[in-house]
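The file target-v4.cif contains mmCIF, C-alpha atoms and all ligand atoms:
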```cif
data_structure
loop_
_atom_site.label_atom_id
_atom_site.label_comp_id
_atom_site.auth_asym_id
_atom_site.auth_seq_id
_atom_site.Cartn_x
_atom_site.Cartn_y
_atom_site.Cartn_z
CA MET O 1 -31.05 -13.66 1.43
CA SER O 2 -30.58 -10.41 3.30
CA SER O 3 -28.42 -10.00 6.34
CA PRO O 4 -30.16 -7.95 9.04
CA ASP O 5 -26.88 -6.86 10.61
CA PHE O 6 -25.29 -5.28 7.59
CA PRO O 7 -26.97 -3.25 4.85
CA ALA O 8 -26.80 -4.93 1.44
CA ASP O 9 -24.52 -2.18 0.12
CA PHE O 10 -22.13 -2.21 3.10
CA VAL O 11 -18.56 -1.33 2.18
CA LEU O 12 -15.92 -2.73 4.50
CA ASP O 13 -12.66 -0.83 4.39
CA LEU O 14 -9.84 -3.29 5.03
CA HIS O 15 -7.55 -0.72 6.63
CA ASP O 16 -10.27 -0.04 9.23
CA LEU O 17 -10.91 -3.76 9.60
CA ALA O 18 -7.23 -4.47 10.30
CA ALA O 19 -7.08 -1.75 12.98
CA ILE O 20 -10.27 -3.05 14.62
CA ILE O 21 -9.17 -6.70 14.57
CA LEU O 22 -5.83 -5.83 16.17
CA ASP O 23 -7.49 -3.63 18.79
CA CYS O 24 -10.01 -6.35 19.71
CA HIS O 25 -7.26 -8.95 19.79
CA ALA O 26 -5.09 -6.83 22.07
CA ARG O 27 -8.07 -6.47 24.40
CA SER O 28 -8.73 -10.20 24.59
CA GLU O 29 -5.45 -12.09 24.22
CA GLU O 30 -4.49 -13.89 27.38
CA ARG O 31 -0.79 -14.57 27.06
CA PHE O 32 0.50 -11.11 27.92
CA ALA O 33 -2.67 -9.72 29.45
CA LYS O 34 -1.04 -8.92 32.79
CA SER O 35 2.53 -8.36 31.65
CA GLN O 36 4.36 -5.08 31.61
CA LEU O 37 7.50 -4.23 29.67
CA VAL O 38 10.46 -3.75 32.02
CA GLU O 39 13.50 -4.08 29.76
CA VAL O 40 14.49 -4.02 26.10
CA ILE O 41 17.73 -5.77 25.13
CA ALA O 42 19.25 -5.45 21.68
CA ASP O 43 22.15 -7.79 20.78
CA SER O 44 23.77 -7.63 24.22
CA ASP O 45 23.99 -10.64 26.56
CA ASP O 46 23.49 -8.44 29.58
CA MET O 47 20.20 -8.43 31.33
CA GLN O 48 19.69 -5.85 34.01
CA THR O 49 16.33 -6.95 35.29
CA LEU O 50 17.01 -10.56 36.14
CA PRO O 51 19.76 -12.14 38.28
CA GLY O 52 23.12 -12.64 36.55
CA ARG O 53 22.87 -16.42 36.61
CA ILE O 54 19.99 -16.31 34.19
CA ALA O 55 21.51 -16.86 30.77
CA PHE O 56 19.99 -16.79 27.35
CA LEU O 57 19.38 -20.05 25.56
CA PRO O 58 22.13 -21.13 23.09
CA GLU O 59 20.02 -19.96 20.13
CA TRP O 60 20.65 -16.41 21.20
CA SER O 61 24.41 -16.69 20.50
CA ALA O 62 23.83 -18.81 17.42
CA ALA O 63 21.61 -16.11 15.94
CA GLU O 64 24.42 -13.60 16.26
CA LYS O 65 26.85 -15.95 14.52
CA GLN O 66 24.37 -16.22 11.66
CA GLY O 67 24.33 -12.46 11.39
CA GLN O 68 20.78 -12.12 12.64
CA LYS O 69 19.90 -9.12 14.75
CA ARG O 70 18.81 -10.06 18.23
CA LEU O 71 16.19 -8.44 20.34
CA ALA O 72 14.64 -9.39 23.66
CA TYR O 73 11.71 -7.89 25.50
CA VAL O 74 11.57 -8.67 29.20
CA LEU O 75 8.05 -8.62 30.58
CA ARG O 76 7.10 -8.81 34.21
CA ARG O 77 3.90 -10.63 34.87
CA ASP O 78 1.65 -10.02 37.81
CA SER O 79 -1.05 -12.67 37.91
CA LYS O 80 -2.71 -10.99 40.89
CA GLN O 81 -3.25 -7.81 38.97
CA LYS O 82 -6.91 -7.32 38.25
CA LEU O 83 -6.77 -4.95 35.34
CA ARG O 84 -5.60 -5.99 31.92
CA VAL O 85 -2.45 -4.25 30.72
CA THR O 86 -3.23 -1.96 27.80
CA PHE O 87 -1.01 0.09 25.54
CA GLU O 88 -1.38 3.04 27.93
CA ASN O 89 0.20 1.17 30.87
CA PHE O 90 2.28 -1.40 29.00
CA ALA O 91 5.52 0.35 29.99
CA HIS O 92 6.18 -0.55 33.64
CA ARG O 93 5.35 2.25 36.05
CA ASP O 94 8.89 2.18 37.45
CA GLY O 95 10.28 2.65 33.96
CA VAL O 96 11.72 0.45 31.25
CA LYS O 97 15.44 -0.37 31.33
CA LEU O 98 17.17 0.33 28.04
CA GLN O 99 20.66 -0.04 26.69
CA GLN O 100 22.72 2.96 25.75
CA GLY O 101 21.61 4.43 22.50
CA VAL O 102 18.17 2.88 22.73
CA GLU O 103 15.28 5.24 23.18
CA LEU O 104 11.78 4.25 24.13
CA THR O 105 9.81 6.47 21.83
CA ARG O 106 6.06 6.00 21.46
CA ARG O 107 6.81 4.18 18.24
CA ALA O 108 9.34 1.83 19.92
CA LEU O 109 6.88 1.12 22.72
CA GLU O 110 4.19 0.47 20.15
CA SER O 111 6.50 -1.97 18.36
CA ALA O 112 7.14 -3.88 21.57
CA TYR O 113 3.45 -3.91 22.43
CA TRP O 114 2.27 -5.17 19.06
CA ARG O 115 5.09 -7.64 18.78
CA CYS O 116 3.97 -9.26 22.01
CA LYS O 117 0.29 -9.05 21.19
CA THR O 118 0.57 -10.55 17.71
CA TYR O 119 3.10 -13.16 18.78
CA ASP O 120 2.16 -16.52 17.30
CA SER O 121 -1.31 -15.27 16.39
CA GLY O 122 -0.99 -15.01 12.61
CA PHE O 123 -3.36 -17.86 11.83
CA MET O 124 -5.91 -16.70 14.38
CA LEU O 125 -5.92 -13.13 13.07
CA ALA O 126 -6.32 -14.32 9.49
CA TYR O 127 -9.08 -16.70 10.64
CA VAL O 128 -10.96 -13.82 12.23
CA ALA O 129 -10.79 -11.77 9.01
CA GLN O 130 -12.00 -14.83 7.11
CA ARG O 131 -14.94 -15.22 9.53
CA VAL O 132 -15.83 -11.55 9.04
CA PHE O 133 -15.87 -11.90 5.24
CA GLU O 134 -18.11 -14.97 5.53
CA SER O 135 -20.56 -13.05 7.71
CA LEU O 136 -21.11 -10.20 5.26
CA PRO O 137 -24.01 -10.21 2.80
CA PRO O 138 -22.80 -11.36 -0.63
CA THR O 139 -23.70 -7.95 -2.03
CA ALA O 140 -21.33 -6.17 0.39
CA ARG O 141 -18.01 -4.92 -0.92
CA LEU O 142 -14.48 -5.03 0.42
CA ARG O 143 -12.40 -1.95 -0.20
CA ALA O 144 -8.62 -2.15 -0.03
CA ARG O 145 -6.77 1.16 -0.22
CA THR O 146 -3.02 0.90 0.00
CA SER O 147 -0.48 3.45 1.15
CA SER O 148 0.71 3.89 -2.44
CA GLY O 149 -2.70 5.16 -3.53
CA TYR O 150 -3.89 1.91 -5.10
CA GLU O 151 -7.53 0.97 -4.62
CA LEU O 152 -9.32 -2.32 -5.10
CA ILE O 153 -13.01 -3.08 -4.63
CA CYS O 154 -14.18 -6.67 -4.58
CA SER O 155 -16.69 -9.13 -3.23
CA PRO O 156 -16.25 -10.66 0.27
CA THR O 157 -15.86 -14.05 -1.42
CA ASP O 158 -12.80 -12.95 -3.43
CA VAL O 159 -10.34 -13.85 -0.69
CA MET O 160 -7.65 -16.52 -0.67
CA VAL O 161 -5.43 -17.79 2.12
CA MET O 162 -1.73 -17.80 1.27
CA GLU O 163 0.85 -19.74 3.24
CA MET O 164 4.63 -19.84 3.15
CA GLN O 165 7.69 -20.11 5.35
CA VAL O 166 9.69 -17.08 6.42
CA LEU O 167 12.96 -16.56 8.25
CA PRO O 168 12.86 -13.22 10.07
CA HIS O 169 15.98 -11.01 9.94
CA GLN O 170 15.59 -10.32 13.60
CA ALA O 171 15.63 -13.05 16.23
CA CYS O 172 13.27 -12.02 19.00
CA TYR O 173 12.77 -13.38 22.48
CA ILE O 174 9.86 -12.41 24.63
CA VAL O 175 10.95 -13.26 28.15
CA THR O 176 8.19 -13.37 30.72
CA TYR O 177 8.80 -13.80 34.41
CA GLU O 178 6.82 -13.47 37.57
CA GLU O 179 8.85 -11.82 40.27
CA VAL O 180 7.28 -13.39 43.31
CA LEU O 181 7.73 -16.88 41.90
CA GLY O 182 11.35 -16.36 40.91
CA PRO O 183 13.32 -17.37 37.86
CA GLN O 184 11.65 -20.77 37.55
CA MET O 185 8.70 -18.86 36.18
CA ILE O 186 10.74 -17.57 33.25
CA GLU O 187 9.41 -18.74 29.94
CA TRP O 188 11.91 -18.85 27.11
CA GLU O 189 10.85 -21.42 24.59
CA ARG O 190 7.31 -20.35 24.13
CA HIS O 191 8.08 -16.83 23.08
CA GLN O 192 10.75 -16.86 20.46
CA SER O 193 10.55 -16.11 16.79
CA GLY O 194 13.12 -15.99 14.04
CA PHE O 195 15.76 -18.25 15.53
CA LEU O 196 17.56 -20.15 12.78
CA GLN O 197 14.51 -22.01 11.49
CA PRO O 198 11.92 -20.63 9.08
CA MET O 199 8.46 -20.30 10.56
CA PRO O 200 4.99 -20.74 9.04
CA TRP O 201 3.42 -17.55 7.78
CA VAL O 202 -0.05 -16.73 6.52
CA TYR O 203 -1.73 -13.75 4.88
CA LEU O 204 -4.95 -13.08 2.98
CA PHE O 205 -4.95 -12.26 -0.69
CA VAL O 206 -7.92 -10.10 -1.57
CA GLY O 207 -9.42 -9.58 -5.03
CA ASN O 208 -10.18 -11.48 -8.16
CA PRO O 209 -7.14 -13.17 -9.71
CA VAL O 210 -6.76 -11.59 -13.15
CA SER O 211 -3.19 -12.59 -13.95
CA THR O 212 -0.70 -15.20 -12.88
CA ASP O 213 2.09 -12.71 -13.48
CA ALA O 214 2.91 -11.00 -10.18
CA GLU O 215 3.46 -7.60 -11.82
CA ASP O 216 -0.01 -7.62 -13.37
CA ASP O 217 -1.80 -9.25 -10.45
CA THR O 218 -4.22 -6.67 -9.07
CA ARG O 219 -4.80 -8.40 -5.74
CA VAL O 220 -3.97 -6.93 -2.34
CA ALA O 221 -2.20 -8.71 0.51
CA LEU O 222 -3.54 -8.30 4.05
CA ASP O 223 -1.00 -9.42 6.64
CA LEU O 224 -2.22 -8.92 10.20
CA ALA O 225 0.72 -10.46 12.04
CA LEU O 226 3.63 -8.58 10.49
CA MET O 227 4.52 -7.01 13.84
CA GLN O 228 5.44 -10.44 15.18
CA ILE O 229 8.65 -10.15 13.17
CA GLY O 230 9.01 -6.43 13.80
CA GLY O 231 7.48 -5.51 10.46
CA ARG O 232 5.17 -2.68 9.55
CA GLY O 233 3.19 -1.67 6.51
CA ARG O 234 4.59 0.93 4.14
CA ALA O 235 2.82 3.69 6.01
CA ASN O 236 4.14 2.32 9.31
CA GLU O 237 0.93 0.65 10.38
CA PRO O 238 1.22 -2.44 12.61
CA PHE O 239 -0.05 -4.58 9.71
CA ALA O 240 0.38 -4.67 5.94
CA LEU O 241 -2.26 -3.85 3.35
CA GLU O 242 -0.39 -3.62 0.05
CA ARG O 243 -0.59 -4.82 -3.50
CA GLY O 244 0.70 -8.38 -3.65
CA VAL O 245 3.75 -7.41 -5.67
CA ASP O 246 4.60 -4.62 -3.20
CA TYR O 247 4.10 -6.90 -0.23
CA HIS O 248 6.49 -9.50 -1.64
CA GLU O 249 9.07 -7.13 -3.08
CA LYS O 250 9.01 -4.12 -0.78
CA VAL O 251 7.46 -5.00 2.57
CA LEU O 252 8.26 -8.56 3.59
CA PRO O 253 11.92 -8.59 2.40
CA ARG O 254 12.70 -5.76 4.84
CA PHE O 255 11.83 -8.03 7.75
CA ALA O 256 12.19 -11.61 6.59
CA GLN O 257 13.38 -13.90 3.89
CA GLU O 258 10.81 -16.12 2.23
CA SER O 259 11.78 -19.74 2.05
CA GLY O 260 9.95 -22.47 0.20
CA ASP O 261 6.93 -22.02 -2.01
CA LEU O 262 4.02 -19.68 -1.62
CA VAL O 263 0.97 -21.91 -1.44
CA ALA O 264 -2.68 -20.95 -1.86
CA SER O 265 -4.31 -23.09 0.79
CA GLY O 266 -7.97 -23.61 1.55
CA LYS O 267 -9.82 -21.93 4.36
CA ILE O 268 -8.19 -21.70 7.74
CA ALA O 269 -9.59 -24.08 10.31
CA LEU O 270 -8.25 -23.62 13.81
CA SER O 271 -7.63 -26.50 16.16
CA PRO O 272 -7.65 -27.65 18.91
CA ALA O 273 -11.10 -26.63 20.11
CA HIS O 274 -9.95 -24.10 22.73
CA ILE O 275 -7.91 -22.20 20.13
CA ARG O 276 -10.86 -22.24 17.75
CA LYS O 277 -13.05 -20.89 20.54
CA GLN O 278 -10.62 -17.99 21.04
CA GLY O 279 -10.79 -17.29 17.31
CA ASP O 280 -14.59 -17.48 17.27
CA ASP O 281 -14.93 -15.24 20.33
CA LEU O 282 -12.60 -12.71 18.78
CA ALA O 283 -14.54 -12.85 15.50
CA GLU O 284 -17.77 -12.16 17.41
CA MET O 285 -16.15 -9.20 19.15
CA VAL O 286 -14.98 -7.77 15.82
CA LEU O 287 -18.34 -8.41 14.15
CA SER O 288 -20.25 -6.64 16.90
CA ARG O 289 -17.99 -3.59 16.40
CA LEU O 290 -18.53 -3.75 12.64
CA LYS O 291 -22.31 -4.02 13.02
CA LYS O 292 -22.32 -0.85 15.08
CA MET O 293 -20.12 0.76 12.46
CA ALA O 294 -22.53 -0.28 9.70
CA ASN O 295 -25.25 1.42 11.72
CA GLY O 296 -23.48 4.73 12.03
CA ASP O 297 -21.10 4.31 14.99
CA VAL O 298 -17.92 5.50 13.35
CA TYR O 299 -16.25 6.70 16.53
CA PHE O 300 -13.14 4.59 16.28
CA CYS O 301 -9.53 5.52 15.64
CA GLY O 302 -8.50 4.75 12.06
CA TYR O 303 -4.98 3.96 13.21
CA CYS O 304 -5.21 1.99 16.47
CA GLY O 305 -8.84 0.86 16.15
CA LYS O 306 -9.78 2.10 19.63
CA ASN O 307 -13.47 2.77 20.15
CA GLY O 308 -15.10 5.96 21.39
CA VAL O 309 -12.81 8.40 19.60
CA GLU O 310 -14.39 11.79 18.84
CA THR O 311 -11.48 13.78 17.39
CA ARG O 312 -11.74 14.12 13.65
CA CYS O 313 -9.16 14.85 10.99
CA SER O 314 -8.98 18.63 10.66
CA GLN O 315 -8.90 18.46 6.87
CA CYS O 316 -11.55 15.96 5.76
CA LYS O 317 -13.59 16.22 8.97
CA GLN O 318 -14.43 12.54 8.55
CA ALA O 319 -11.69 10.15 9.61
CA ARG O 320 -11.20 9.91 13.35
CA PHE O 321 -7.91 9.45 15.18
CA CYS O 322 -6.83 9.56 18.81
CA LYS O 323 -4.70 12.59 19.64
CA GLU O 324 -1.69 10.32 20.21
CA CYS O 325 -2.20 8.43 16.95
CA ASN O 326 -2.72 11.47 14.76
CA ALA O 327 0.91 11.90 13.73
CA LEU O 328 1.53 8.18 13.20
CA ALA O 329 -1.69 7.83 11.21
CA TRP O 330 -1.05 10.72 8.84
CA LYS O 331 1.42 8.90 6.59
CA TYR O 332 -1.36 6.61 5.40
CA HIS O 333 -4.30 8.93 5.83
CA LYS O 334 -2.80 11.77 3.76
CA VAL O 335 -3.01 9.47 0.71
CA TRP O 336 -6.77 9.12 1.15
CA CYS O 337 -7.76 12.27 3.03
CA LYS O 338 -10.17 14.17 0.83
CA PRO O 339 -10.82 17.60 2.32
CA THR O 340 -14.47 18.58 2.24
CA GLY O 341 -15.88 22.06 1.76
CA ILE O 342 -13.95 24.98 0.34
ZN ZN J 401 -5.65 5.66 18.03
ZN ZN J 402 -8.57 13.51 6.65
#
```

Go through the file and emit its structure as structure tokens.
Amino acid sequence: MSSPDFPADFVLDLHDLAAIILDCHARSEERFAKSQLVEVIADSDDMQTLPGRIAFLPEWSAAEKQGQKRLAYVLRRDSKQKLRVTFENFAHRDGVKLQQGVELTRRALESAYWRCKTYDSGFMLAYVAQRVFESLPPTARLRARTSSGYELICSPTDVMVMEMQVLPHQACYIVTYEEVLGPQMIEWERHQSGFLQPMPWVYLFVGNPVSTDAEDDTRVALDLALMQIGGRGRANEPFALERGVDYHEKVLPRFAQESGDLVASGKIALSPAHIRKQGDDLAEMVLSRLKKMANGDVYFCGYCGKNGVETRCSQCKQARFCKECNALAWKYHKVWCKPTGI
């Protein structure tokens, strides 16, 4: 059976897919859609933005006693605001309060942005990738190119869901408040990760299993929610696309400790219905981008996934990156940039 949307020989690059999924997700997630970053707090108990009587929950102190690093992002929400907050205006227009020694570089702002956007969305992001793979013609190919120069080509059906528990090294609060409604609108419990208890974690394992020995296993791990625990891929992307052995030995241990067994579970099924609908809507959004891509619309940034990007890499004249992303993207792209011409 042929799929009219994708040519039979379509090759889906997983690095591009990850950037596009995250971009679409950031454009559609509702939790922090109208929230701007106003303060970043590392380890300290002092909050400058909110009244002094607002204290952190006891877990905050407990995390310090356990030797975990602590980080809080304070977001101000404006439910009357019409426009969705994007990366470009995520930092509050009056500025972001920082502690001494903390600098809000583009990279730090990006970390805060992605950490909020991917918060608690690991299963949904993996579900969307799974839906994409199911929608491709069986003759299509997945291409995984890692930052260490490793390449894997496989069928869209060669994908497994892996689940485990992780305990992040960094305890992170995302504090949201709405100024006009006062401190009662502060949400603590719903936005915390890495406090004392391990949390469920999921990633996709791509490729045909050829060995049960991790060192010889040729499969590639695709983790779309790594930013939730402050993690990044080896080329600093806000996701991980690495050989399984590298993911488990070099990427994840920098940000979290695995606890319990790694389990290959069946397909991800989201519930309840409204969460599944969010996942399905997001999958449709991603698929419509990919269909355009399969039909020649390649004007997206290979780092942030943003659409409508004209600027091309000056060396290969093929890959496209936003001006702002160019420098951040190069660490990965230089591994795969093949200059054309003489
Ligand atoms: Zn970009
Ligand atoms: Zn290039």

Interface rows for chain O against ligand ZN 402 (chain J): nearest pair, Å to one decimal, 12 Å, only C-alpha atoms and all ligand atoms, as JSON lines:
```
{"residue": "O:Gly302", "atom": "CA", "partner": "J:ZN402", "partner_atom": "ZN", "distance": 10.3}
{"residue": "O:Thr311", "atom": "CA", "partner": "J:ZN402", "partner_atom": "ZN", "distance": 11.1}
{"residue": "O:Arg312", "atom": "CA", "partner": "J:ZN402", "partner_atom": "ZN", "distance": 7.7}
{"residue": "O:Cys313", "atom": "CA", "partner": "J:ZN402", "partner_atom": "ZN", "distance": 4.6}
{"residue": "O:Ser314", "atom": "CA", "partner": "J:ZN402", "partner_atom": "ZN", "distance": 6.5}
{"residue": "O:Gln315", "atom": "CA", "partner": "J:ZN402", "partner_atom": "ZN", "distance": 5.0}
{"residue": "O:Cys316", "atom": "CA", "partner": "J:ZN402", "partner_atom": "ZN", "distance": 4.0}
{"residue": "O:Lys317", "atom": "CA", "partner": "J:ZN402", "partner_atom": "ZN", "distance": 6.2}
{"residue": "O:Gln318", "atom": "CA", "partner": "J:ZN402", "partner_atom": "ZN", "distance": 6.2}
{"residue": "O:Ala319", "atom": "CA", "partner": "J:ZN402", "partner_atom": "ZN", "distance": 5.5}
{"residue": "O:Arg320", "atom": "CA", "partner": "J:ZN402", "partner_atom": "ZN", "distance": 8.0}
{"residue": "O:Phe321", "atom": "CA", "partner": "J:ZN402", "partner_atom": "ZN", "distance": 9.5}
{"residue": "O:Asn326", "atom": "CA", "partner": "J:ZN402", "partner_atom": "ZN", "distance": 10.2}
{"residue": "O:Ala327", "atom": "CA", "partner": "J:ZN402", "partner_atom": "ZN", "distance": 11.9}
{"residue": "O:Ala329", "atom": "CA", "partner": "J:ZN402", "partner_atom": "ZN", "distance": 10.0}
{"residue": "O:Trp330", "atom": "CA", "partner": "J:ZN402", "partner_atom": "ZN", "distance": 8.3}
{"residue": "O:Lys331", "atom": "CA", "partner": "J:ZN402", "partner_atom": "ZN", "distance": 11.0}
{"residue": "O:Tyr332", "atom": "CA", "partner": "J:ZN402", "partner_atom": "ZN", "distance": 10.1}
{"residue": "O:His333", "atom": "CA", "partner": "J:ZN402", "partner_atom": "ZN", "distance": 6.3}
{"residue": "O:Lys334", "atom": "CA", "partner": "J:ZN402", "partner_atom": "ZN", "distance": 6.7}
{"residue": "O:Val335", "atom": "CA", "partner": "J:ZN402", "partner_atom": "ZN", "distance": 9.1}
{"residue": "O:Trp336", "atom": "CA", "partner": "J:ZN402", "partner_atom": "ZN", "distance": 7.3}
{"residue": "O:Cys337", "atom": "CA", "partner": "J:ZN402", "partner_atom": "ZN", "distance": 3.9}
{"residue": "O:Lys338", "atom": "CA", "partner": "J:ZN402", "partner_atom": "ZN", "distance": 6.1}
{"residue": "O:Pro339", "atom": "CA", "partner": "J:ZN402", "partner_atom": "ZN", "distance": 6.4}
{"residue": "O:Thr340", "atom": "CA", "partner": "J:ZN402", "partner_atom": "ZN", "distance": 8.9}
```

#### Entry: Nearby residues, ligand ZN 401 (chain J), 6 Å, all atoms listed in the file, as number ranges by chain
O: 301, 303-304, 306, 321-322, 325

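With only C-alpha atoms as the atoms that count, the residue of O:Gly101, O:Gly260, O:Gly122, O:Gly194 with the shortest distance to O:Ala62 is O:Gly194.
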
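Proximity ranking of O:Val263, O:Ala235, O:Val85, O:Ala42 relative to O:Ala26 places O:Val85 first, based on only C-alpha atoms.
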
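Residue neighbourhood of stretch 137-153 of chain O, excluding near-sequence residues (fewer than 6 positions): Ser3, Ala8, Asp9, Phe10, Val11, Leu12, Asp13, Leu14, Ala235, Leu241, Glu242 and Tyr332 of chain O, at 6 Å, using all atoms listed in the file.
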
### Query
Near O:Lys69, counting only C-alpha atoms, which residues have an atom at most 7 Å away, once you skip same-chain residues fewer than 4 positions from it, shown as an MDAnalysis selection string?
chainID O and resid 43 64 169:171

Write out the residues from the selection above, keeping C-alpha atoms, as a CSV table (one decimal), in the coordinates of the input.
```csv
chain,number,residue,atom,x,y,z
O,43,ASP,CA,22.2,-7.8,20.8
O,64,GLU,CA,24.4,-13.6,16.3
O,169,HIS,CA,16.0,-11.0,9.9
O,170,GLN,CA,15.6,-10.3,13.6
O,171,ALA,CA,15.6,-13.0,16.2
```

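Checking O:Val245, O:Met199, O:Met164, O:Leu125 one by one against O:Asp216, counting all atoms listed in the file, you find the shortest gap at O:Val245.
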
Please, can stretch 197-213 of chain O be completed to N, CA and C atoms and returned as an mmCIF file, keeping the file's coordinate frame?
```cif
data_model
loop_
_atom_site.group_PDB
_atom_site.id
_atom_site.type_symbol
_atom_site.label_atom_id
_atom_site.label_comp_id
_atom_site.auth_asym_id
_atom_site.auth_seq_id
_atom_site.Cartn_x
_atom_site.Cartn_y
_atom_site.Cartn_z
ATOM 1 N N GLN O 197 15.439 -21.234 12.310
ATOM 2 C CA GLN O 197 14.510 -22.010 11.490
ATOM 3 C C GLN O 197 13.409 -21.117 10.905
ATOM 4 N N PRO O 198 13.065 -21.355 9.634
ATOM 5 C CA PRO O 198 11.920 -20.630 9.080
ATOM 6 C C PRO O 198 10.637 -20.971 9.839
ATOM 7 N N MET O 199 9.708 -20.063 9.845
ATOM 8 C CA MET O 199 8.460 -20.300 10.560
ATOM 9 C C MET O 199 7.267 -20.153 9.612
ATOM 10 N N PRO O 200 6.148 -20.831 9.921
ATOM 11 C CA PRO O 200 4.990 -20.740 9.040
ATOM 12 C C PRO O 200 4.385 -19.336 9.056
ATOM 13 N N TRP O 201 3.944 -18.915 7.898
ATOM 14 C CA TRP O 201 3.420 -17.550 7.780
ATOM 15 C C TRP O 201 2.153 -17.586 6.945
ATOM 16 N N VAL O 202 1.215 -16.725 7.258
ATOM 17 C CA VAL O 202 -0.050 -16.730 6.520
ATOM 18 C C VAL O 202 -0.497 -15.290 6.282
ATOM 19 N N TYR O 203 -1.076 -15.039 5.113
ATOM 20 C CA TYR O 203 -1.730 -13.750 4.880
ATOM 21 C C TYR O 203 -2.924 -13.975 3.966
ATOM 22 N N LEU O 204 -3.773 -12.963 3.846
ATOM 23 C CA LEU O 204 -4.950 -13.080 2.980
ATOM 24 C C LEU O 204 -4.717 -12.293 1.708
ATOM 25 N N PHE O 205 -5.120 -12.887 0.607
ATOM 26 C CA PHE O 205 -4.950 -12.260 -0.690
ATOM 27 C C PHE O 205 -6.350 -11.885 -1.167
ATOM 28 N N VAL O 206 -6.584 -10.602 -1.324
ATOM 29 C CA VAL O 206 -7.920 -10.100 -1.570
ATOM 30 C C VAL O 206 -8.068 -9.631 -3.015
ATOM 31 N N GLY O 207 -9.170 -10.024 -3.656
ATOM 32 C CA GLY O 207 -9.420 -9.580 -5.030
ATOM 33 C C GLY O 207 -9.554 -10.765 -5.960
ATOM 34 N N ASN O 208 -9.983 -10.452 -7.154
ATOM 35 C CA ASN O 208 -10.180 -11.480 -8.160
ATOM 36 C C ASN O 208 -8.865 -11.711 -8.902
ATOM 37 N N PRO O 209 -8.401 -12.971 -8.974
ATOM 38 C CA PRO O 209 -7.140 -13.170 -9.710
ATOM 39 C C PRO O 209 -7.338 -12.888 -11.197
ATOM 40 N N VAL O 210 -6.606 -11.911 -11.737
ATOM 41 C CA VAL O 210 -6.760 -11.590 -13.150
ATOM 42 C C VAL O 210 -5.516 -11.976 -13.954
ATOM 43 N N SER O 211 -4.405 -12.219 -13.230
ATOM 44 C CA SER O 211 -3.190 -12.590 -13.950
ATOM 45 C C SER O 211 -2.313 -13.445 -13.059
ATOM 46 N N THR O 212 -1.617 -14.368 -13.662
ATOM 47 C CA THR O 212 -0.700 -15.200 -12.880
ATOM 48 C C THR O 212 0.660 -14.515 -12.763
ATOM 49 N N ASP O 213 0.841 -13.463 -13.530
ATOM 50 C CA ASP O 213 2.090 -12.710 -13.480
ATOM 51 C C ASP O 213 2.014 -11.705 -12.317
#
```
